[in-house]
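A.B. asks: Structure file query34.txt (compact mmCIF, C-alpha atoms) right here:
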# COMPACT_ATOMS: atom_id res chain seq x y z
CA MET Q 1 29.69 -66.18 7.58
CA THR Q 2 32.59 -67.83 9.35
CA VAL Q 3 33.96 -66.57 12.64
CA PHE Q 4 37.47 -67.83 13.15
CA GLU Q 5 39.92 -67.93 16.00
CA PRO Q 6 43.67 -67.60 15.44
CA GLU Q 7 44.21 -71.37 15.65
CA ASN Q 8 41.50 -72.15 13.09
CA SER Q 9 42.10 -73.52 9.65
CA LEU Q 10 39.64 -72.84 6.86
CA GLU Q 11 37.90 -74.92 4.24
CA VAL Q 12 36.97 -72.90 1.17
CA VAL Q 13 34.90 -74.21 -1.75
CA ARG Q 14 36.64 -73.24 -4.99
CA GLY Q 15 34.88 -70.33 -6.70
CA SER Q 16 32.68 -69.47 -3.73
CA SER Q 17 32.20 -66.32 -1.68
CA MET Q 18 33.08 -66.43 2.00
CA THR Q 19 32.94 -63.79 4.71
CA LEU Q 20 35.29 -64.25 7.64
CA GLU Q 21 34.58 -62.30 10.80
CA LEU Q 22 37.62 -61.32 12.80
CA ALA Q 23 37.53 -60.17 16.43
CA VAL Q 24 40.87 -58.59 17.36
CA ALA Q 25 41.77 -58.58 21.06
CA ASP Q 26 44.86 -58.33 23.21
CA GLU Q 27 46.20 -61.13 25.42
CA LYS Q 28 43.73 -60.15 28.18
CA GLY Q 29 40.78 -60.41 25.79
CA CYS Q 30 40.22 -56.66 25.53
CA PRO Q 31 39.28 -55.43 22.03
CA ILE Q 32 41.97 -53.65 20.03
CA ARG Q 33 40.74 -50.49 18.33
CA LEU Q 34 40.90 -50.70 14.55
CA ASP Q 35 40.59 -46.99 13.72
CA ASN Q 36 44.29 -46.45 13.01
CA VAL Q 37 45.41 -49.78 11.57
CA VAL Q 38 45.73 -51.64 8.30
CA ILE Q 39 44.73 -55.31 8.25
CA TYR Q 40 46.29 -57.75 5.78
CA PHE Q 41 45.02 -61.23 4.87
CA THR Q 42 47.63 -63.05 2.77
CA ALA Q 43 47.36 -66.49 1.15
CA LYS Q 44 50.30 -68.39 -0.37
CA GLN Q 45 51.04 -71.83 -1.77
CA ASN Q 46 53.84 -72.32 0.78
CA PHE Q 47 56.22 -70.40 3.01
CA ASP Q 48 58.93 -70.23 0.34
CA GLU Q 49 56.76 -68.28 -2.12
CA ILE Q 50 57.42 -64.55 -2.32
CA GLN Q 51 54.24 -63.58 -4.16
CA PRO Q 52 50.88 -64.37 -2.56
CA ILE Q 53 48.20 -66.16 -4.54
CA PHE Q 54 45.94 -63.38 -3.27
CA GLN Q 55 45.98 -60.71 -0.61
CA LYS Q 56 43.24 -58.64 1.03
CA ILE Q 57 43.84 -55.25 2.65
CA SER Q 58 41.61 -53.08 4.81
CA THR Q 59 42.35 -49.90 2.86
CA ASP Q 60 39.81 -51.34 0.39
CA PRO Q 61 36.53 -52.02 2.27
CA THR Q 62 35.41 -54.43 -0.47
CA GLN Q 63 38.29 -56.68 0.66
CA ILE Q 64 38.44 -56.14 4.43
CA GLU Q 65 35.87 -54.00 6.17
CA VAL Q 66 36.14 -52.69 9.72
CA ILE Q 67 32.64 -53.25 11.13
CA ASP Q 68 33.16 -51.89 14.65
CA GLU Q 69 36.46 -50.07 15.16
CA TYR Q 70 36.03 -49.83 18.95
CA ALA Q 71 35.08 -53.50 19.44
CA GLY Q 72 37.88 -54.69 17.13
CA ILE Q 73 35.53 -56.35 14.62
CA ALA Q 74 36.39 -56.68 10.92
CA ARG Q 75 35.17 -58.79 8.01
CA ILE Q 76 37.39 -60.32 5.37
CA TYR Q 77 35.66 -60.97 2.05
CA LEU Q 78 36.83 -63.87 -0.10
CA MET Q 79 35.40 -63.62 -3.60
CA PRO Q 80 34.95 -66.28 -6.32
CA ALA Q 81 37.79 -64.81 -8.40
CA ASP Q 82 40.21 -65.39 -5.51
CA THR Q 83 40.00 -69.19 -5.80
CA ILE Q 84 38.27 -70.13 -9.07
CA ASN Q 85 41.54 -70.82 -10.93
CA LEU Q 86 43.46 -72.43 -8.08
CA GLU Q 87 44.19 -76.14 -7.84
CA LEU Q 88 42.53 -78.17 -5.10
CA ARG Q 89 45.05 -78.45 -2.27
CA ASP Q 90 46.11 -76.95 1.04
CA TYR Q 91 47.36 -73.36 1.13
CA ILE Q 92 48.68 -71.22 3.97
CA PHE Q 93 47.38 -67.88 5.18
CA ASP Q 94 47.87 -65.36 7.92
CA VAL Q 95 46.40 -62.05 9.06
CA TRP Q 96 48.54 -59.11 10.16
CA LEU Q 97 47.71 -55.85 11.90
CA VAL Q 98 49.86 -52.77 11.16
CA PHE Q 99 49.47 -49.66 13.29
CA ASN Q 100 49.63 -46.50 11.15
CA SER Q 101 50.91 -44.29 13.96
CA THR Q 102 53.90 -46.44 14.97
CA GLY Q 103 54.45 -48.85 12.09
CA LYS Q 104 54.37 -51.75 14.55
CA ARG Q 105 53.22 -55.03 12.98
CA TYR Q 106 51.60 -58.01 14.63
CA PRO Q 107 50.51 -61.39 13.24
CA ILE Q 108 47.01 -61.91 14.66
CA VAL Q 109 46.01 -65.11 12.85
CA GLY Q 110 48.21 -67.95 11.72
CA PRO Q 111 50.07 -68.98 9.94
CA ALA Q 112 47.26 -71.43 9.36
CA THR Q 113 45.99 -73.70 6.60
CA PHE Q 114 43.11 -73.24 4.25
CA THR Q 115 42.00 -76.20 2.20
CA LEU Q 116 40.50 -75.54 -1.21
CA MET Q 117 37.60 -77.93 -1.69
CA PRO Q 118 35.87 -78.97 -4.93
CA SER Q 119 32.47 -77.63 -5.91
CA VAL Q 120 29.69 -79.84 -7.19
CA THR Q 121 28.04 -76.94 -8.99
CA VAL Q 122 30.22 -75.13 -11.51
CA LEU Q 123 29.30 -71.51 -12.19
CA SER Q 124 31.08 -69.12 -14.51
CA LEU Q 125 32.23 -65.78 -13.11
Please render this file's structure as structure tokens.

C.D. replies:
Amino acid sequence: MTVFEPENSLEVVRGSSMTLELAVADEKGCPIRLDNVVIYFTAKQNFDEIQPIFQKISTDPTQIEVIDEYAGIARIYLMPADTINLELRDYIFDVWLVFNSTGKRYPIVGPATFTLMPSVTVLSL
């Protein structure tokens, strides 16, 4: 499992699984409750692309799971199918928080870079 801070970039091995733990806090370091929000993780080739190469959303707990809504802890699950067919290169990603009650949106991670690394072992899906 990888715990990442907003300034962190990621290295992902192509075709691997990765769990990213996210701790959401305000500018004073106090946890933000996640009981009435939607979290989005979006990855793109570059800023000019309209369509993401993949996106994760917390309305599907197999993609993003809120672990502790009061402590602001969530896990983002990258699966082999997300990266297996991508070329080895740098991509960009960010994570956004959208409050259901107000519609307010906040970028909480990134934009940042994730580098897709080669795998020595090749497994089929």

A.B. asks: Name the residues in contact with Q:Phe47 at a cut-off of 12 Å, using all atoms listed in the file, excluding same-chain residues fewer than 2 positions from it; report them as a ChimeraX atom specification.

C.D. replies: /Q:42-45,49-53,91-94,111-113

A.B. asks: Just give me the gap between atom CA of Q:Ser16 and atom CA of Q:Ile73 in Å, one decimal is fine.

C.D. replies: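 Computing the Euclidean distance for atom CA of Q:Ser16 and atom CA of Q:Ile73 yields 22.7 Å.
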
A.B. asks: For Q:Leu116, which residue among Q:Gln63, Q:Asn85, Q:Asn100, Q:Asn36 is the nearest when counting only C-alpha atoms?

C.D. replies: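 Closest to Q:Leu116 of all the choices is Q:Asn85.
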
A.B. asks: Atom CA of Q:Ile108 and atom CA of Q:Ile84, how far apart in Å?

C.D. replies: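 Taking atom CA of Q:Ile84 and atom CA of Q:Ile108, their separation equals 26.6 Å.
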
A.B. asks: Pick out the closest residue to Q:Thr62 from this set: Q:Asn46, Q:Lys104, Q:Met79, Q:Asn8. Count all atoms listed in the file.

C.D. replies: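 Answer, going by the shortest atom-to-atom distance: Q:Met79.
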